[in-house]
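Asks: Quick one, data.cif (mmCIF, C-alpha atoms):
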data_start
loop_
_atom_site.label_atom_id
_atom_site.label_comp_id
_atom_site.auth_asym_id
_atom_site.auth_seq_id
_atom_site.Cartn_x
_atom_site.Cartn_y
_atom_site.Cartn_z
CA MET A 1 5.92 -8.93 -74.96
CA SER A 2 6.27 -12.72 -75.03
CA LEU A 3 3.64 -14.87 -76.70
CA ILE A 4 3.43 -16.88 -73.48
CA ARG A 5 4.96 -16.66 -70.05
CA PRO A 6 5.13 -18.75 -66.86
CA PHE A 7 3.08 -17.77 -63.83
CA ARG A 8 2.45 -18.67 -60.20
CA GLY A 9 -0.37 -21.15 -60.55
CA LEU A 10 -3.13 -21.47 -57.97
CA ARG A 11 -3.42 -25.23 -57.58
CA PRO A 12 -4.73 -27.98 -55.30
CA THR A 13 -2.31 -28.76 -52.50
CA ALA A 14 -0.79 -32.22 -52.14
CA GLY A 15 -3.43 -34.92 -52.03
CA ASN A 16 -6.35 -32.64 -52.93
CA ALA A 17 -6.34 -32.65 -56.74
CA ALA A 18 -8.94 -35.42 -57.02
CA ALA A 19 -11.29 -33.61 -54.65
CA VAL A 20 -10.95 -30.33 -56.56
CA ALA A 21 -10.88 -31.28 -60.27
CA ALA A 22 -14.20 -30.70 -62.04
CA PRO A 23 -15.63 -30.69 -65.55
CA PRO A 24 -15.49 -27.38 -67.46
CA TYR A 25 -18.13 -24.90 -66.31
CA ASP A 26 -19.87 -24.86 -69.70
CA VAL A 27 -20.49 -28.59 -70.18
CA LEU A 28 -22.87 -29.01 -67.23
CA SER A 29 -26.22 -27.43 -66.52
CA SER A 30 -26.78 -25.96 -63.06
CA GLU A 31 -28.83 -29.01 -62.12
CA GLU A 32 -26.15 -31.42 -63.33
CA ALA A 33 -23.46 -29.43 -61.48
CA ARG A 34 -25.52 -29.49 -58.28
CA GLU A 35 -25.80 -33.27 -58.48
CA ARG A 36 -22.13 -33.73 -59.40
CA ALA A 37 -20.92 -31.61 -56.46
CA ALA A 38 -23.23 -33.14 -53.84
CA GLY A 39 -21.17 -34.30 -50.86
CA LYS A 40 -18.00 -32.83 -52.42
CA PRO A 41 -17.26 -29.56 -50.57
CA TRP A 42 -13.98 -28.95 -52.38
CA SER A 43 -15.21 -29.58 -55.93
CA PHE A 44 -14.23 -26.66 -58.16
CA LEU A 45 -17.85 -26.56 -59.29
CA HIS A 46 -18.51 -24.49 -56.16
CA ILE A 47 -16.38 -21.79 -57.84
CA SER A 48 -17.15 -22.31 -61.53
CA LYS A 49 -20.89 -22.97 -60.99
CA PRO A 50 -21.52 -21.18 -57.67
CA GLU A 51 -25.27 -21.05 -58.20
CA ILE A 52 -25.32 -24.63 -56.92
CA ASP A 53 -24.87 -23.21 -53.40
CA LEU A 54 -27.79 -20.78 -53.79
CA PRO A 55 -31.55 -21.33 -54.08
CA GLU A 56 -32.63 -23.18 -57.20
CA GLY A 57 -33.89 -20.95 -59.97
CA ILE A 58 -31.60 -18.03 -59.18
CA ASP A 59 -30.44 -15.97 -62.16
CA VAL A 60 -26.97 -17.40 -62.83
CA TYR A 61 -25.83 -13.96 -64.02
CA SER A 62 -26.94 -12.14 -60.84
CA PRO A 63 -24.46 -10.49 -58.41
CA PRO A 64 -25.03 -13.02 -55.59
CA VAL A 65 -23.73 -15.79 -57.84
CA TYR A 66 -20.39 -14.09 -58.45
CA ALA A 67 -20.17 -13.14 -54.76
CA LYS A 68 -20.68 -16.80 -53.82
CA ALA A 69 -17.83 -17.79 -56.16
CA VAL A 70 -15.54 -15.35 -54.34
CA GLU A 71 -16.65 -16.70 -50.97
CA ASN A 72 -16.06 -20.29 -52.03
CA LEU A 73 -12.63 -19.54 -53.49
CA LYS A 74 -11.56 -17.80 -50.28
CA LYS A 75 -12.83 -20.75 -48.25
CA MET A 76 -10.73 -23.20 -50.28
CA ILE A 77 -7.62 -21.03 -49.97
CA ASP A 78 -8.14 -20.49 -46.22
CA ALA A 79 -8.52 -24.25 -45.76
CA SER A 80 -5.25 -24.82 -47.67
CA ILE A 81 -7.07 -26.82 -50.32
CA LEU A 82 -5.71 -24.40 -52.92
CA ALA A 83 -2.40 -22.53 -52.80
CA ARG A 84 -0.24 -20.51 -55.20
CA ASP A 85 3.18 -21.70 -56.23
CA ALA A 86 6.08 -19.74 -54.80
CA GLN A 87 7.68 -19.17 -58.22
CA ASP A 88 6.63 -18.70 -61.82
CA CYS A 89 6.15 -22.04 -63.55
CA TYR A 90 4.90 -23.63 -66.68
CA TYR A 91 2.88 -26.82 -66.26
CA ALA A 92 2.80 -29.84 -68.52
CA TYR A 93 -0.72 -31.27 -68.79
CA ARG A 94 -1.40 -34.76 -70.14
CA LEU A 95 -4.86 -36.03 -71.04
CA VAL A 96 -5.49 -39.74 -71.55
CA MET A 97 -8.83 -40.98 -72.88
CA GLY A 98 -8.73 -44.65 -73.75
CA GLU A 99 -5.97 -45.07 -76.32
CA HIS A 100 -5.80 -41.34 -77.03
CA VAL A 101 -2.99 -39.34 -75.38
CA GLN A 102 -2.19 -35.64 -75.71
CA THR A 103 0.36 -33.58 -73.81
CA GLY A 104 0.27 -29.80 -73.70
CA LEU A 105 1.55 -26.77 -71.85
CA VAL A 106 -0.32 -24.70 -69.27
CA ALA A 107 0.85 -21.11 -69.79
CA ALA A 108 -0.26 -17.51 -69.53
CA ALA A 109 -0.92 -16.42 -73.12
CA SER A 110 -0.53 -12.83 -74.30
CA VAL A 111 -3.67 -10.69 -74.60
CA ALA A 112 -1.71 -8.40 -76.94
CA ALA A 113 -1.07 -11.37 -79.24
CA TYR A 114 -4.78 -12.21 -79.09
CA ASP A 115 -5.74 -8.62 -79.89
CA ALA A 116 -3.28 -8.60 -82.81
CA ASN A 117 -4.70 -11.92 -84.13
CA ARG A 118 -1.47 -13.80 -83.51
CA ILE A 119 -3.65 -15.99 -81.32
CA LYS A 120 -6.24 -16.71 -83.95
CA LYS A 121 -10.00 -17.08 -83.63
CA HIS A 122 -12.50 -19.04 -85.69
CA GLU A 123 -15.84 -18.32 -83.93
CA PHE A 124 -18.08 -15.41 -83.05
CA THR A 125 -18.91 -14.83 -79.39
CA ARG A 126 -22.24 -14.13 -77.72
CA PRO A 127 -22.38 -10.91 -75.67
CA ASP A 128 -24.20 -12.50 -72.71
CA LYS A 129 -21.66 -15.29 -72.34
CA GLU A 130 -18.76 -12.92 -72.80
CA ASP A 131 -20.18 -10.57 -70.14
CA ASP A 132 -20.55 -13.51 -67.75
CA ARG A 133 -16.87 -14.42 -68.08
CA VAL A 134 -15.84 -10.78 -67.56
CA ARG A 135 -17.86 -10.62 -64.33
CA GLN A 136 -16.42 -13.90 -63.11
CA ILE A 137 -12.81 -12.87 -63.78
CA GLU A 138 -13.34 -9.46 -62.19
CA ALA A 139 -15.00 -10.94 -59.10
CA LEU A 140 -12.38 -13.64 -58.49
CA ASN A 141 -9.36 -11.67 -59.70
CA ALA A 142 -8.46 -14.91 -61.40
CA GLN A 143 -8.97 -16.84 -64.62
CA THR A 144 -10.14 -20.31 -63.64
CA GLY A 145 -11.26 -21.74 -66.97
CA PRO A 146 -8.37 -22.37 -69.38
CA VAL A 147 -8.59 -21.51 -73.06
CA LEU A 148 -7.76 -24.52 -75.23
CA LEU A 149 -5.12 -23.54 -77.79
CA ALA A 150 -3.21 -25.40 -80.49
CA TYR A 151 0.21 -24.83 -81.99
CA PRO A 152 1.33 -26.20 -85.36
CA SER A 153 3.25 -29.28 -84.26
CA GLN A 154 7.01 -28.73 -84.27
CA PRO A 155 9.59 -31.36 -83.27
CA ALA A 156 11.55 -28.94 -81.08
CA ALA A 157 8.50 -27.77 -79.11
CA ASP A 158 7.15 -31.32 -78.92
CA GLU A 159 10.44 -32.49 -77.43
CA LEU A 160 10.37 -29.74 -74.80
CA LEU A 161 6.91 -30.93 -73.73
CA THR A 162 8.26 -34.47 -73.48
CA GLN A 163 10.97 -33.21 -71.15
CA ALA A 164 8.48 -31.19 -69.12
CA SER A 165 6.22 -34.20 -68.59
CA SER A 166 8.85 -36.59 -67.27
CA GLY A 167 9.39 -37.62 -63.67
CA VAL A 168 6.91 -37.77 -60.81
CA PRO A 169 3.80 -35.66 -61.52
CA ASP A 170 2.45 -33.02 -59.14
CA ALA A 171 -1.12 -34.19 -59.69
CA ASP A 172 -2.57 -37.33 -61.24
CA VAL A 173 -6.35 -37.62 -61.32
CA THR A 174 -8.67 -40.05 -63.07
CA ALA A 175 -12.07 -38.42 -63.33
CA PRO A 176 -15.38 -40.30 -63.00
CA ASP A 177 -15.67 -40.38 -66.80
CA GLY A 178 -12.39 -42.32 -66.98
CA ILE A 179 -10.28 -39.49 -68.38
CA ARG A 180 -6.88 -39.16 -66.73
CA HIS A 181 -5.46 -35.70 -66.00
CA THR A 182 -1.78 -35.45 -65.08
CA ILE A 183 0.10 -32.25 -64.20
CA TRP A 184 3.84 -31.59 -63.88
CA ALA A 185 5.09 -28.22 -62.62
CA VAL A 186 8.06 -26.96 -64.66
CA ARG A 187 10.32 -25.10 -62.24
CA ASP A 188 13.69 -25.42 -63.99
CA THR A 189 14.56 -21.91 -65.17
CA ALA A 190 16.62 -23.10 -68.13
CA LEU A 191 13.79 -25.30 -69.41
CA ILE A 192 11.32 -22.46 -68.85
CA ALA A 193 13.48 -20.14 -70.96
CA ARG A 194 13.74 -22.69 -73.77
CA ILE A 195 9.97 -23.22 -73.78
CA THR A 196 9.34 -19.47 -73.90
CA ALA A 197 11.79 -19.03 -76.78
CA ALA A 198 10.32 -21.96 -78.73
CA PHE A 199 6.80 -20.56 -78.53
CA ASP A 200 7.90 -16.98 -79.21
CA ALA A 201 9.33 -18.23 -82.50
CA MET A 202 5.93 -19.55 -83.61
CA PRO A 203 4.00 -17.38 -86.06
CA ALA A 204 0.64 -18.06 -84.41
CA LEU A 205 -1.42 -20.06 -81.94
CA TYR A 206 -5.01 -21.14 -82.61
CA ILE A 207 -8.02 -21.07 -80.31
CA ALA A 208 -9.65 -24.48 -80.34
CA ASP A 209 -12.15 -23.87 -77.53
CA GLY A 210 -12.61 -20.87 -75.24
CA HIS A 211 -13.50 -17.91 -77.46
CA HIS A 212 -15.65 -16.35 -74.73
CA ARG A 213 -12.94 -16.78 -72.09
CA SER A 214 -10.24 -15.22 -74.26
CA ALA A 215 -12.49 -12.34 -75.35
CA ALA A 216 -13.38 -11.68 -71.72
CA ALA A 217 -9.71 -11.72 -70.71
CA SER A 218 -9.00 -9.11 -73.39
CA ARG A 219 -11.73 -6.85 -72.03
CA VAL A 220 -10.50 -7.21 -68.44
CA ALA A 221 -6.93 -6.46 -69.52
CA ALA A 222 -8.02 -3.32 -71.36
CA ALA A 223 -9.92 -2.09 -68.29
CA ARG A 224 -6.97 -2.70 -65.96
CA ARG A 225 -4.12 -1.62 -68.23
CA LYS A 226 -1.61 0.90 -66.91
CA PRO A 227 0.71 2.79 -69.31
CA GLY A 228 4.22 1.36 -69.42
CA ALA A 229 3.56 -1.44 -66.93
CA GLU A 230 3.00 -5.09 -67.88
CA GLN A 231 0.51 -6.79 -65.56
CA SER A 232 -0.65 -10.33 -65.00
CA SER A 233 -4.04 -9.33 -66.44
CA ASP A 234 -2.24 -8.80 -69.78
CA TYR A 235 -2.12 -12.61 -70.06
CA PHE A 236 -4.80 -15.29 -69.91
CA LEU A 237 -4.88 -18.90 -68.73
CA SER A 238 -4.36 -21.38 -71.55
CA VAL A 239 -3.43 -24.97 -72.28
CA ILE A 240 -1.59 -25.37 -75.58
CA PHE A 241 -1.37 -28.70 -77.41
CA PRO A 242 0.37 -29.70 -80.64
CA HIS A 243 -2.33 -29.72 -83.27
CA ARG A 244 -1.63 -33.28 -84.43
CA GLN A 245 -2.44 -34.63 -80.97
CA MET A 246 -5.79 -32.90 -80.66
CA ARG A 247 -8.93 -34.91 -81.17
CA ILE A 248 -12.00 -33.38 -82.80
CA MET A 249 -15.09 -35.55 -82.75
CA ASP A 250 -18.14 -35.23 -84.96
CA TYR A 251 -20.72 -32.60 -84.07
CA ASN A 252 -23.98 -34.00 -85.39
CA ARG A 253 -27.31 -32.39 -86.23
CA VAL A 254 -30.91 -33.41 -85.49
CA VAL A 255 -33.98 -31.64 -86.90
CA LYS A 256 -37.55 -31.56 -85.57
CA ASP A 257 -39.40 -31.77 -88.90
CA LEU A 258 -38.93 -32.03 -92.65
CA ASN A 259 -40.43 -28.60 -93.43
CA GLY A 260 -43.69 -30.06 -94.71
CA LEU A 261 -42.05 -32.68 -96.94
CA SER A 262 -42.75 -36.39 -96.80
CA ALA A 263 -39.78 -38.69 -96.31
CA GLU A 264 -39.91 -39.63 -99.99
CA GLN A 265 -39.99 -36.00 -101.09
CA PHE A 266 -37.14 -35.16 -98.76
CA LEU A 267 -34.95 -37.93 -100.18
CA GLU A 268 -35.78 -36.78 -103.71
CA ARG A 269 -34.64 -33.24 -102.87
CA LEU A 270 -31.40 -34.59 -101.40
CA ALA A 271 -30.69 -36.62 -104.54
CA ALA A 272 -30.24 -33.38 -106.47
CA LYS A 273 -27.04 -32.58 -104.55
CA PHE A 274 -25.96 -35.91 -103.04
CA LEU A 275 -25.54 -39.52 -104.05
CA VAL A 276 -28.13 -41.10 -101.72
CA ALA A 277 -27.82 -44.80 -100.91
CA PRO A 278 -29.58 -46.91 -98.26
CA ALA A 279 -27.20 -48.44 -95.72
CA CYS A 280 -27.34 -51.76 -93.91
CA GLY A 281 -26.51 -50.20 -90.54
CA ALA A 282 -25.51 -46.99 -88.79
CA VAL A 283 -23.42 -44.69 -90.98
CA LYS A 284 -20.36 -43.16 -89.36
CA PRO A 285 -18.78 -41.01 -92.10
CA SER A 286 -15.23 -42.06 -92.93
CA CYS A 287 -14.10 -39.09 -95.02
CA PRO A 288 -14.98 -35.48 -95.84
CA GLY A 289 -17.99 -35.19 -98.11
CA GLU A 290 -19.77 -38.19 -96.60
CA ILE A 291 -22.81 -37.71 -94.32
CA GLY A 292 -25.00 -40.23 -92.53
CA LEU A 293 -28.78 -39.67 -92.52
CA TYR A 294 -31.15 -41.42 -90.10
CA LEU A 295 -34.78 -41.19 -91.15
CA LEU A 296 -37.82 -43.32 -90.24
CA GLY A 297 -35.70 -46.00 -88.59
CA ARG A 298 -33.30 -46.37 -91.50
CA TRP A 299 -29.79 -45.12 -92.27
CA TYR A 300 -28.72 -43.61 -95.58
CA ARG A 301 -25.29 -42.66 -96.85
CA LEU A 302 -25.06 -39.24 -98.50
CA ASN A 303 -22.04 -38.42 -100.65
CA VAL A 304 -21.63 -34.80 -101.69
CA ASP A 305 -21.55 -34.11 -105.41
CA PRO A 306 -17.86 -33.29 -106.10
CA LYS A 307 -18.94 -30.19 -108.05
CA LEU A 308 -20.12 -28.63 -104.76
CA PHE A 309 -16.61 -28.47 -103.30
CA VAL A 310 -15.02 -25.03 -103.55
CA GLU A 311 -11.75 -23.35 -102.59
CA ASP A 312 -13.17 -21.33 -99.70
CA PRO A 313 -12.07 -22.98 -96.41
CA VAL A 314 -15.41 -22.26 -94.68
CA GLU A 315 -17.77 -23.16 -97.51
CA ASN A 316 -15.83 -26.39 -98.05
CA LEU A 317 -16.55 -27.70 -94.53
CA ASP A 318 -19.03 -30.58 -94.37
CA VAL A 319 -21.15 -28.66 -91.86
CA SER A 320 -21.26 -25.73 -94.30
CA LEU A 321 -22.20 -27.96 -97.23
CA LEU A 322 -25.04 -29.46 -95.19
CA SER A 323 -26.30 -26.00 -94.26
CA ALA A 324 -25.96 -24.60 -97.79
CA HIS A 325 -27.66 -27.49 -99.59
CA VAL A 326 -29.98 -29.12 -97.04
CA LEU A 327 -30.71 -27.21 -93.86
CA GLY A 328 -31.32 -23.86 -95.55
CA PRO A 329 -32.91 -24.49 -98.97
CA VAL A 330 -34.72 -27.76 -98.16
CA LEU A 331 -35.58 -27.53 -94.45
CA GLY A 332 -35.78 -23.76 -94.10
CA ILE A 333 -33.28 -23.63 -91.22
CA ALA A 334 -31.11 -20.59 -91.89
CA ASP A 335 -30.03 -19.44 -88.42
CA LEU A 336 -28.30 -22.28 -86.59
CA ARG A 337 -27.87 -20.15 -83.47
CA ARG A 338 -31.53 -19.30 -82.94
CA ASP A 339 -33.73 -21.73 -84.86
CA LYS A 340 -35.46 -24.06 -82.38
CA ARG A 341 -36.04 -26.69 -85.06
CA ILE A 342 -32.43 -27.86 -84.94
CA ASP A 343 -30.30 -29.28 -82.16
CA PHE A 344 -26.70 -30.52 -81.96
CA VAL A 345 -25.30 -33.75 -80.54
CA GLY A 346 -21.62 -34.15 -79.71
CA GLY A 347 -19.98 -37.25 -81.12
CA ILE A 348 -19.02 -38.44 -77.64
CA ARG A 349 -22.66 -39.58 -77.29
CA GLY A 350 -22.37 -41.87 -80.31
CA LEU A 351 -24.73 -42.67 -83.17
CA PRO A 352 -27.21 -44.50 -80.88
CA GLU A 353 -28.06 -41.09 -79.40
CA LEU A 354 -29.09 -39.89 -82.87
CA GLU A 355 -31.27 -42.96 -83.35
CA LYS A 356 -32.81 -42.43 -79.91
CA ARG A 357 -33.73 -38.80 -80.62
CA VAL A 358 -35.42 -39.76 -83.90
CA ASP A 359 -37.04 -43.03 -82.79
CA SER A 360 -38.63 -41.27 -79.81
CA GLY A 361 -40.46 -38.92 -82.14
CA GLU A 362 -38.70 -35.90 -80.67
CA MET A 363 -36.81 -35.38 -83.93
CA ALA A 364 -37.63 -36.22 -87.54
CA ALA A 365 -34.14 -36.83 -88.89
CA ALA A 366 -30.50 -36.90 -87.84
CA PHE A 367 -27.31 -36.15 -89.73
CA ALA A 368 -24.03 -37.82 -88.72
CA MET A 369 -21.07 -35.66 -89.73
CA PHE A 370 -17.41 -36.35 -90.45
CA PRO A 371 -15.31 -34.54 -87.81
CA THR A 372 -13.82 -31.21 -88.80
CA ARG A 373 -10.04 -31.57 -89.09
CA MET A 374 -7.60 -29.39 -87.16
CA GLU A 375 -5.99 -28.41 -90.45
CA ALA A 376 -9.36 -27.13 -91.66
CA LEU A 377 -9.87 -25.13 -88.46
CA MET A 378 -6.43 -23.56 -88.82
CA ALA A 379 -7.06 -22.74 -92.48
CA VAL A 380 -10.26 -20.91 -91.54
CA ALA A 381 -8.46 -18.96 -88.81
CA ASP A 382 -5.55 -18.13 -91.14
CA ASN A 383 -8.08 -16.74 -93.61
CA ASN A 384 -9.62 -14.54 -90.86
CA GLN A 385 -12.96 -16.30 -91.26
CA VAL A 386 -15.35 -17.92 -88.80
CA MET A 387 -16.76 -21.42 -88.78
CA PRO A 388 -20.47 -22.22 -88.59
CA PRO A 389 -21.85 -22.77 -85.09
CA LYS A 390 -21.21 -26.18 -83.55
CA SER A 391 -18.51 -27.20 -86.03
CA THR A 392 -16.08 -28.80 -83.56
CA TRP A 393 -16.39 -31.01 -80.49
CA PHE A 394 -13.07 -31.51 -78.74
CA GLU A 395 -12.47 -34.55 -76.56
CA PRO A 396 -11.11 -35.13 -74.03
CA LYS A 397 -12.10 -31.99 -72.12
CA LEU A 398 -9.76 -30.08 -69.81
CA ALA A 399 -10.56 -30.08 -66.11
CA ASP A 400 -11.28 -26.90 -64.18
CA GLY A 401 -9.43 -26.32 -60.92
CA LEU A 402 -6.10 -28.04 -61.54
CA VAL A 403 -4.35 -24.75 -62.40
CA SER A 404 -5.80 -21.21 -62.14
CA HIS A 405 -4.23 -17.86 -63.00
CA VAL A 406 -4.45 -15.08 -60.40
CA ILE A 407 -4.39 -11.60 -61.95
CA ASP A 408 -3.70 -8.06 -60.73
#
Write the structure described by the file as structure tokens, please.

Replies:
Amino acid sequence: MSLIRPFRGLRPTAGNAAAVAAPPYDVLSSEEARERAAGKPWSFLHISKPEIDLPEGIDVYSPPVYAKAVENLKKMIDASILARDAQDCYYAYRLVMGEHVQTGLVAAASVAAYDANRIKKHEFTRPDKEDDRVRQIEALNAQTGPVLLAYPSQPAADELLTQASSGVPDADVTAPDGIRHTIWAVRDTALIARITAAFDAMPALYIADGHHRSAAASRVAAARRKPGAEQSSDYFLSVIFPHRQMRIMDYNRVVKDLNGLSAEQFLERLAAKFLVAPACGAVKPSCPGEIGLYLLGRWYRLNVDPKLFVEDPVENLDVSLLSAHVLGPVLGIADLRRDKRIDFVGGIRGLPELEKRVDSGEMAAAFAMFPTRMEALMAVADNNQVMPPKSTWFEPKLADGLVSHVID
């Protein structure tokens, strides 16, 4: 079984990509999706967030929601807004965000490789979210949200992607947030074979984002598997980028209180494990081991005591060091998934968002983190470990709707 394979993508027909392309289903609330899709009948949000076409307040995990997704998908196919390619293809996918450019491959990735940990994980999944993705795939008979994967950058594979992304694109969309999404269908059988061989030779791929989608695809494949027969459900929709092109932004933390400590007492406790120094302005960490703290309208620079660094790839992460030496023992926040005293702010919102949350009185303090590096993520996955919650924030985000994978 190949690590990846081409497939007949379900895509917007000529001239309709801009009307269809939508943000990923999991970055918008139902209310935000409803507003974003207003007056846009062909927005893919009608499929990925179908509750927007049902009464407000409906349980988003209820059967009518999945039924509405099926209805909306059929409507878009019947109206020739979406259509499947006549032949199996790969698709080159380029994302441009400001000066940042990354070019990857849309492919069907092997569930067997995922199950065997050749497509490596670094996060736990939540049962409710995993169940939701299973129901959505089963209802639509399609995977519509791609899993973001990375491959260790290799000149040969990088060159194949350069070839695949040349010429006139099949779709070229600049989203309202300014991010440009460009798609090229790869129909040349010789190039397809070379791409397949290049990826088959790789020891592993790494999940960057999409653990729930890949876990759900594995469950659907197991339920549909027939002895001796390979099926389209044995593969899942993915976009694979060279790891050196991927951009991880900081994933920052804000806390509601100081666990009964005064600001002075809190800073004293921090000084036991960090070099604490007042800063003249906002602190955006420039290297691992450096953390920005915003407290009572003032920024501080925290540098981790070098003795706290260890060999373990998880414990050595900045987010782990903050949890082990500040959030847990000082602030009493042990469960990042459930504790309501902590919240997380993606770096795309910038440091002013941290200041805003604290200055408003909503939060007591904010921590600006250095972004987790792709090499660190891969080291954790190679060690069969998991990262703490909210360790990575990838930008730019993939769009939903530009390529979907229909399954048996």

Asks: Could you name the residues that touch stretch 230-232 of chain A at 12 Å or less, counting all atoms listed in the file, but leaving out those on the same chain fewer than 6 positions away, as an mmCIF file with C-alpha atoms, in the coordinates of the input?

Replies:
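Output (part.cif):
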data_model
loop_
_atom_site.group_PDB
_atom_site.id
_atom_site.type_symbol
_atom_site.label_atom_id
_atom_site.label_comp_id
_atom_site.auth_asym_id
_atom_site.auth_seq_id
_atom_site.Cartn_x
_atom_site.Cartn_y
_atom_site.Cartn_z
ATOM 1 C CA MET A 1 5.920 -8.930 -74.960
ATOM 2 C CA SER A 2 6.270 -12.720 -75.030
ATOM 3 C CA ILE A 4 3.430 -16.880 -73.480
ATOM 4 C CA ARG A 5 4.960 -16.660 -70.050
ATOM 5 C CA PRO A 6 5.130 -18.750 -66.860
ATOM 6 C CA PHE A 7 3.080 -17.770 -63.830
ATOM 7 C CA ARG A 8 2.450 -18.670 -60.200
ATOM 8 C CA GLY A 9 -0.370 -21.150 -60.550
ATOM 9 C CA ASP A 88 6.630 -18.700 -61.820
ATOM 10 C CA ALA A 107 0.850 -21.110 -69.790
ATOM 11 C CA ALA A 108 -0.260 -17.510 -69.530
ATOM 12 C CA ALA A 109 -0.920 -16.420 -73.120
ATOM 13 C CA SER A 110 -0.530 -12.830 -74.300
ATOM 14 C CA VAL A 111 -3.670 -10.690 -74.600
ATOM 15 C CA ALA A 112 -1.710 -8.400 -76.940
ATOM 16 C CA ASN A 141 -9.360 -11.670 -59.700
ATOM 17 C CA ALA A 142 -8.460 -14.910 -61.400
ATOM 18 C CA GLN A 143 -8.970 -16.840 -64.620
ATOM 19 C CA ALA A 217 -9.710 -11.720 -70.710
ATOM 20 C CA SER A 218 -9.000 -9.110 -73.390
ATOM 21 C CA VAL A 220 -10.500 -7.210 -68.440
ATOM 22 C CA ALA A 221 -6.930 -6.460 -69.520
ATOM 23 C CA ALA A 222 -8.020 -3.320 -71.360
ATOM 24 C CA ALA A 223 -9.920 -2.090 -68.290
ATOM 25 C CA ARG A 224 -6.970 -2.700 -65.960
ATOM 26 C CA HIS A 405 -4.230 -17.860 -63.000
ATOM 27 C CA VAL A 406 -4.450 -15.080 -60.400
ATOM 28 C CA ILE A 407 -4.390 -11.600 -61.950
ATOM 29 C CA ASP A 408 -3.700 -8.060 -60.730
#

Asks: Which distance in Å separates atom CA of A:Lys74 and atom CA of A:Phe236, to one decimal?

Replies: 20.9 Å

Asks: Compile the contact shell of stretch 284-292 of chain A as a list in words: residues with an atom at most 6 Å away, counting all atoms listed in the file, same-chain residues fewer than 4 positions apart removed.

Replies: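 In the requested format, the answer is Tyr300, Arg301, Leu302, Asn303, Val304, Phe367, Ala368, Met369 and Phe370 of chain A.
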
Asks: Would you mind telling me which residue in A:Leu296, A:Leu377, A:Leu336, A:Ala18 lies nearest to A:Ile248 when using all atoms listed in the file?

Replies: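 Of all the options, A:Leu377 lies closest to A:Ile248.
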
Asks: Work out how far atom CA of A:Thr196 is from atom CA of A:Ala150, in Å to one decimal.

Replies: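 It comes out at 15.4 Å.
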
Asks: Could you please determine the separation between atom CA of A:Ile240 and atom CA of A:Arg253 in Å, to one decimal place?

Replies: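 Going from atom CA of A:Ile240 over to atom CA of A:Arg253 covers 28.7 Å.
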
Asks: Using the chain letters and numbers from the file, give me the residues hit by the PyMOL selection byres ((chain A and resi 171) around 8), as number ranges by chain.

Replies: A: 14, 17, 169-170, 172-173, 181-184

Asks: Grab the residues selected above and save them as a PDB file, in the coordinates of the input with C-alpha atoms.

Replies:
ATOM      1  CA  ALA A  14      -0.790 -32.220 -52.140  1.00  0.00           C
ATOM      2  CA  ALA A  17      -6.340 -32.650 -56.740  1.00  0.00           C
ATOM      3  CA  PRO A 169       3.800 -35.660 -61.520  1.00  0.00           C
ATOM      4  CA  ASP A 170       2.450 -33.020 -59.140  1.00  0.00           C
ATOM      5  CA  ASP A 172      -2.570 -37.330 -61.240  1.00  0.00           C
ATOM      6  CA  VAL A 173      -6.350 -37.620 -61.320  1.00  0.00           C
ATOM      7  CA  HIS A 181      -5.460 -35.700 -66.000  1.00  0.00           C
ATOM      8  CA  THR A 182      -1.780 -35.450 -65.080  1.00  0.00           C
ATOM      9  CA  ILE A 183       0.100 -32.250 -64.200  1.00  0.00           C
ATOM     10  CA  TRP A 184       3.840 -31.590 -63.880  1.00  0.00           C
TER      11      TRP A 184
END

Asks: Evaluate the PyMOL selection byres ((chain A and resi 27) around 12) against this structure - the residues, as a short mmCIF file (atom, residue, chain, number, x, y, z; two decimals) with C-alpha atoms, in the frame of the given file, please.

Replies:
data_model
loop_
_atom_site.label_atom_id
_atom_site.label_comp_id
_atom_site.auth_asym_id
_atom_site.auth_seq_id
_atom_site.Cartn_x
_atom_site.Cartn_y
_atom_site.Cartn_z
CA ALA A 22 -14.20 -30.70 -62.04
CA PRO A 23 -15.63 -30.69 -65.55
CA PRO A 24 -15.49 -27.38 -67.46
CA TYR A 25 -18.13 -24.90 -66.31
CA ASP A 26 -19.87 -24.86 -69.70
CA LEU A 28 -22.87 -29.01 -67.23
CA SER A 29 -26.22 -27.43 -66.52
CA SER A 30 -26.78 -25.96 -63.06
CA GLU A 31 -28.83 -29.01 -62.12
CA GLU A 32 -26.15 -31.42 -63.33
CA ALA A 33 -23.46 -29.43 -61.48
CA LEU A 45 -17.85 -26.56 -59.29
CA SER A 48 -17.15 -22.31 -61.53
CA LYS A 49 -20.89 -22.97 -60.99
CA GLY A 145 -11.26 -21.74 -66.97
CA GLY A 346 -21.62 -34.15 -79.71
CA TRP A 393 -16.39 -31.01 -80.49
CA PHE A 394 -13.07 -31.51 -78.74
CA GLU A 395 -12.47 -34.55 -76.56
CA LYS A 397 -12.10 -31.99 -72.12
CA LEU A 398 -9.76 -30.08 -69.81
CA ALA A 399 -10.56 -30.08 -66.11
CA ASP A 400 -11.28 -26.90 -64.18
#

Asks: Let me know the residues the PyMOL selection byres ((chain A and resi 198) around 12) catches in the file above, as a list in words.

Replies: Ser2, Leu3, Ile4, Arg5, Tyr151, Pro152, Ser153, Gln154, Pro155, Ala156, Ala157, Asp158, Glu159, Leu160, Leu161, Leu191, Ile192, Ala193, Arg194, Ile195, Thr196, Ala197, Phe199, Asp200, Ala201, Met202, Pro203 and Ala204 of chain A

Asks: May I ask which of the residues A:Val20, A:Val358, A:Ala376, A:Ala272 is the closest one to A:Asp318, counting all atoms listed in the file?

Replies: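 Using all atoms listed in the file, A:Asp318 sits closest to A:Ala376.
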